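Engineer: The structure follows.
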Amino acid sequence: MTDPAAALAAWRRHAGDACVLLDGFHALKHALRFGAEVPVAVTADRRAALALADELAPDVRDALDAALAEVGPAAYAGLVPRPHPTAVAALAVRPARAAALRTLAELPRRAPVVVLDQPRNLGNAGAVIRLAAGFGATGVVTTGPLDPWHPTVVRGGAGLHFATAVERLDVAQLPPGPVYALDPEGADIRGAELPDDALLAFGSERSGLSAELRARADHLLALPMRPQVSSYNLATSVAMALYHWSATAPRPS
């Protein structure tokens with residue numbers, strides 16, 4: 001859809017539906033790579049956006065060429081809460097919850113599920129989803145009030161919500177599998193082997209694990225940390241745990 005008027009009409013029609021905002025070129029690029037349905041995509045500078053595609057994402061260049069409508073700087077800025085430096089935005093259909101739940105529950109699992117227990121920071125949650133997608137995790141589950149599909153989380157995830165299953169669940173609804181929860185009082189993670197069907201659980205940035213999640217945990221593990229250092233950033237902790245899984249889990253011969 002390259003006609004500006006038709007694109008703006010489509011944006012008004014789909015905004016507020018079961019669509020999420022893809023904020024920036026890289027978010028749209030990743031969403032297209034992982035099969036997102038994108039009913040409308042706009043840019044303030046079509047030539048610059050396609051030049052970026054030629055340089056960074058030739059695999060989706062044709063799809064971008066077909067989808068992007070140039071609407072001009074003022075119209076573009078009116079569609080997004082905070083204009084992105086790449087001046088690209090799109091709306092993508094959020095995957096069906098039932099499909100994500102099937103993916104999370106399916107066994108055997110080839111990669112862990114990351115559980116963020118009562119997270120508070122939207123940007124950190126987005127960074128975790130980006131990490132999970134990079135490591136090929138089965139999915140990311142959040143507990144508590146934070147919406148993992150909030151526009152700020154999707155922005156932080158660079159559109160990689162479409163590369164992994166992302167849902168919000170209560171602790172009692174967590175997918176099957178042994179829960180390995182990260183906690184300063186746990187055993188050193190370097191002595192543990194994390195199975196592919198693990199749920200890797202991380203407490204909130206401020207309060208740590210909730211009592212409910214701690215009671216559900218099968219194992220408590222701790223990341224190595226120098227004395228007198230209070231904590232790691234949430235995304236850093238997830239990265240270390242996923243790297244440990246990827247480096248130590250047995251692989252088929």
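Please note that chains go A, B, ... in the order of the structure tokens, that every chain numbers its residues from 1, and that ligands are numbered from 1 in the order shown.
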Any idea what's packed within 9 Å of segment 218-232 of chain A, counting only C-alpha atoms, ignoring anything in its chain fewer than 2 positions away? Could you give it as a list in words?
Structural biologist: Pro178, Val179, Tyr180, Ala181, Leu182, Asp183, Pro184, Glu185, Gly186, Ala187, Asp188, Ile189, Arg190, Ala192, Glu205, Arg214, Ala215, Arg216, Leu234, Ala235, Thr236, Ser237, Met240 and Ala241 of chain A
Engineer: As a PyMOL selection string, please: every residue in segment 123-176 of chain A that DSSP puts in strand (DSSP E).
Structural biologist: chain A and resi 139-142+165-168
Engineer: With a distance cut-off of 9 Å and only C-alpha atoms, select the neighbouring residues of Asp196 of chain A, excluding the residue or stretch itself and same-chain residues fewer than 6 positions from it, and output the selection as a PDB file with N, CA, C and O atoms, in the first residue's frame.
Structural biologist:
```pdb
ATOM      1  N   PRO A 108       8.103 -32.104  23.843  1.00  0.00           N
ATOM      2  CA  PRO A 108       9.334 -31.575  24.429  1.00  0.00           C
ATOM      3  C   PRO A 108       9.681 -30.204  23.867  1.00  0.00           C
ATOM      4  O   PRO A 108       9.286 -29.850  22.763  1.00  0.00           O
ATOM      5  N   ARG A 109      10.422 -29.463  24.659  1.00  0.00           N
ATOM      6  CA  ARG A 109      10.812 -28.111  24.316  1.00  0.00           C
ATOM      7  C   ARG A 109      12.280 -28.096  23.929  1.00  0.00           C
ATOM      8  O   ARG A 109      13.086 -28.789  24.548  1.00  0.00           O
ATOM      9  N   ARG A 110      12.633 -27.326  22.929  1.00  0.00           N
ATOM     10  CA  ARG A 110      14.026 -27.265  22.490  1.00  0.00           C
ATOM     11  C   ARG A 110      14.791 -26.088  23.084  1.00  0.00           C
ATOM     12  O   ARG A 110      16.007 -25.971  22.875  1.00  0.00           O
ATOM     13  N   ALA A 111      14.086 -25.235  23.805  1.00  0.00           N
ATOM     14  CA  ALA A 111      14.737 -24.067  24.420  1.00  0.00           C
ATOM     15  C   ALA A 111      13.876 -23.602  25.591  1.00  0.00           C
ATOM     16  O   ALA A 111      12.651 -23.787  25.588  1.00  0.00           O
ATOM     17  N   PRO A 112      14.484 -22.980  26.595  1.00  0.00           N
ATOM     18  CA  PRO A 112      13.728 -22.568  27.780  1.00  0.00           C
ATOM     19  C   PRO A 112      12.706 -21.478  27.489  1.00  0.00           C
ATOM     20  O   PRO A 112      12.723 -20.813  26.449  1.00  0.00           O
ATOM     21  N   VAL A 113      11.816 -21.299  28.457  1.00  0.00           N
ATOM     22  CA  VAL A 113      10.917 -20.155  28.521  1.00  0.00           C
ATOM     23  C   VAL A 113      11.461 -19.209  29.583  1.00  0.00           C
ATOM     24  O   VAL A 113      11.832 -19.643  30.685  1.00  0.00           O
ATOM     25  N   TRP A 245      22.804 -21.517  29.610  1.00  0.00           N
ATOM     26  CA  TRP A 245      22.036 -22.624  29.026  1.00  0.00           C
ATOM     27  C   TRP A 245      22.607 -23.016  27.667  1.00  0.00           C
ATOM     28  O   TRP A 245      22.829 -24.203  27.397  1.00  0.00           O
ATOM     29  N   ALA A 249      23.986 -26.852  27.861  1.00  0.00           N
ATOM     30  CA  ALA A 249      22.949 -27.865  27.626  1.00  0.00           C
ATOM     31  C   ALA A 249      23.445 -28.885  26.613  1.00  0.00           C
ATOM     32  O   ALA A 249      24.078 -28.526  25.612  1.00  0.00           O
ATOM     33  N   PRO A 250      23.196 -30.169  26.848  1.00  0.00           N
ATOM     34  CA  PRO A 250      23.619 -31.182  25.884  1.00  0.00           C
ATOM     35  C   PRO A 250      22.877 -31.004  24.564  1.00  0.00           C
ATOM     36  O   PRO A 250      21.699 -30.661  24.535  1.00  0.00           O
TER      37      PRO A 250
END
```
Engineer: Considering only C-alpha atoms, can you say which of A:Leu213, A:Ala158, A:Val80, A:Leu242 comes closest to Ala137 of chain A?
Structural biologist: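 Answer, going by the shortest atom-to-atom distance: A:Leu242.
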Engineer: In Å, with one decimal, what is the gap from atom CA of Asn121 of chain A to atom CA of Leu146 of chain A?
Structural biologist: 8.3 Å
Engineer: Would you please give, as a PyMOL selection string, all residues of segment 19-241 of chain A that DSSP assigns to helix (DSSP H, G or I) based on the backbone?
Structural biologist: chain A and resi 25-33+46-56+58-67+73-77+97-105+122-135+151-156+160-163+171-173+189-191+211-216+234-241
Engineer: Could you check which of A:Arg12, A:Arg47, A:Arg61, A:Arg82 is closest to Thr152 of chain A, using only C-alpha atoms?
Structural biologist: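 Closest to Thr152 of chain A of all the choices is A:Arg82.
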Engineer: So the first atom is atom CA of Gly159 of chain A and the second is atom CA of Leu28 of chain A; what is the distance between them in Å, to one decimal place?
Structural biologist: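 Separation of atom CA of Gly159 of chain A and atom CA of Leu28 of chain A: 6.3 Å.
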Engineer: Go ahead and compute the interatomic distance for atom CA of Leu174 of chain A and atom CA of Pro195 of chain A, in Å to one decimal.
Structural biologist: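 These atoms are spaced 16.7 Å apart.
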Engineer: May I have the residues within 9 Å of segment 99-102 of chain A as a ChimeraX atom specification, using only C-alpha atoms and disregarding those fewer than 5 positions away in the same chain?
Structural biologist: /A:139,164-167,175
Engineer: Fewer than 6 positions away in the same chain doesn't count, so skip those; otherwise give me all residues within 9 Å of segment 62-64 of chain A, counting only C-alpha atoms, as number ranges by chain.
Structural biologist: A: 28-29, 32, 41, 49-50, 53
Engineer: Go through A:Ala201, A:Val40, A:Ala75, A:Ala31 one by one, measure the shortest atom-to-atom distance of each to Gln118 of chain A using only C-alpha atoms, and give the residue with the smallest value.
Structural biologist: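 Closest residue, counting only C-alpha atoms: A:Ala201.
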Engineer: For a quick check of understanding, using only C-alpha atoms, which of A:Leu160, A:Ala98, A:Leu107, A:Pro81 has the smallest distance to Ile129 of chain A?
Structural biologist: A:Leu160
Engineer: Compile the contact shell of segment 14-17 of chain A as a ChimeraX atom specification: residues with an atom at most 10 Å away, counting only C-alpha atoms, same-chain residues fewer than 5 positions apart removed.
Structural biologist: /A:8-9,39-40,79,90-94
Engineer: Keeping N, CA, C and O atoms, export the residues of the selection given above as a PDB file, in the first residue's frame.
Structural biologist:
```pdb
ATOM      1  N   LEU A   8      -3.102   6.391   5.336  1.00  0.00           N
ATOM      2  CA  LEU A   8      -3.592   7.086   6.527  1.00  0.00           C
ATOM      3  C   LEU A   8      -4.978   6.595   6.919  1.00  0.00           C
ATOM      4  O   LEU A   8      -5.277   6.447   8.110  1.00  0.00           O
ATOM      5  N   ALA A   9      -5.813   6.310   5.935  1.00  0.00           N
ATOM      6  CA  ALA A   9      -7.136   5.755   6.240  1.00  0.00           C
ATOM      7  C   ALA A   9      -7.009   4.374   6.869  1.00  0.00           C
ATOM      8  O   ALA A   9      -7.721   4.039   7.826  1.00  0.00           O
ATOM      9  N   PRO A  39      -0.738  -4.685   8.184  1.00  0.00           N
ATOM     10  CA  PRO A  39      -1.714  -4.106   7.263  1.00  0.00           C
ATOM     11  C   PRO A  39      -1.364  -2.713   6.755  1.00  0.00           C
ATOM     12  O   PRO A  39      -1.880  -2.298   5.714  1.00  0.00           O
ATOM     13  N   VAL A  40      -0.511  -1.977   7.465  1.00  0.00           N
ATOM     14  CA  VAL A  40      -0.157  -0.627   7.026  1.00  0.00           C
ATOM     15  C   VAL A  40       1.223  -0.264   7.555  1.00  0.00           C
ATOM     16  O   VAL A  40       1.572  -0.567   8.702  1.00  0.00           O
ATOM     17  N   LEU A  79       1.194  10.299  13.888  1.00  0.00           N
ATOM     18  CA  LEU A  79       0.745   8.918  14.091  1.00  0.00           C
ATOM     19  C   LEU A  79       1.448   8.228  15.255  1.00  0.00           C
ATOM     20  O   LEU A  79       0.962   7.198  15.735  1.00  0.00           O
ATOM     21  N   ALA A  90       4.722   1.278  11.621  1.00  0.00           N
ATOM     22  CA  ALA A  90       3.759   0.345  11.027  1.00  0.00           C
ATOM     23  C   ALA A  90       2.847  -0.186  12.125  1.00  0.00           C
ATOM     24  O   ALA A  90       3.144  -0.063  13.325  1.00  0.00           O
ATOM     25  N   LEU A  91       1.734  -0.761  11.707  1.00  0.00           N
ATOM     26  CA  LEU A  91       0.853  -1.489  12.609  1.00  0.00           C
ATOM     27  C   LEU A  91       0.886  -2.958  12.218  1.00  0.00           C
ATOM     28  O   LEU A  91       0.778  -3.296  11.037  1.00  0.00           O
ATOM     29  N   ALA A  92       1.060  -3.822  13.217  1.00  0.00           N
ATOM     30  CA  ALA A  92       1.101  -5.263  12.979  1.00  0.00           C
ATOM     31  C   ALA A  92       0.047  -5.946  13.829  1.00  0.00           C
ATOM     32  O   ALA A  92      -0.221  -5.531  14.961  1.00  0.00           O
ATOM     33  N   VAL A  93      -0.541  -6.975  13.289  1.00  0.00           N
ATOM     34  CA  VAL A  93      -1.564  -7.728  14.015  1.00  0.00           C
ATOM     35  C   VAL A  93      -0.902  -8.555  15.111  1.00  0.00           C
ATOM     36  O   VAL A  93       0.039  -9.319  14.837  1.00  0.00           O
ATOM     37  N   ARG A  94      -1.375  -8.382  16.337  1.00  0.00           N
ATOM     38  CA  ARG A  94      -0.822  -9.158  17.449  1.00  0.00           C
ATOM     39  C   ARG A  94      -1.176 -10.637  17.274  1.00  0.00           C
ATOM     40  O   ARG A  94      -2.324 -10.975  16.958  1.00  0.00           O
TER      41      ARG A  94
END
```
Engineer: Between A:Phe135, A:Pro151, A:Val141, A:Pro4, which one has atoms that come closest to Leu169 of chain A, using only C-alpha atoms?
Structural biologist: A:Val141
Engineer: With distances taken over only C-alpha atoms, which of A:Val171, A:Ala87, A:Leu104, A:Asn233 is nearest to Asp197 of chain A?
Structural biologist: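 Of all the options, A:Leu104 lies closest to Asp197 of chain A.
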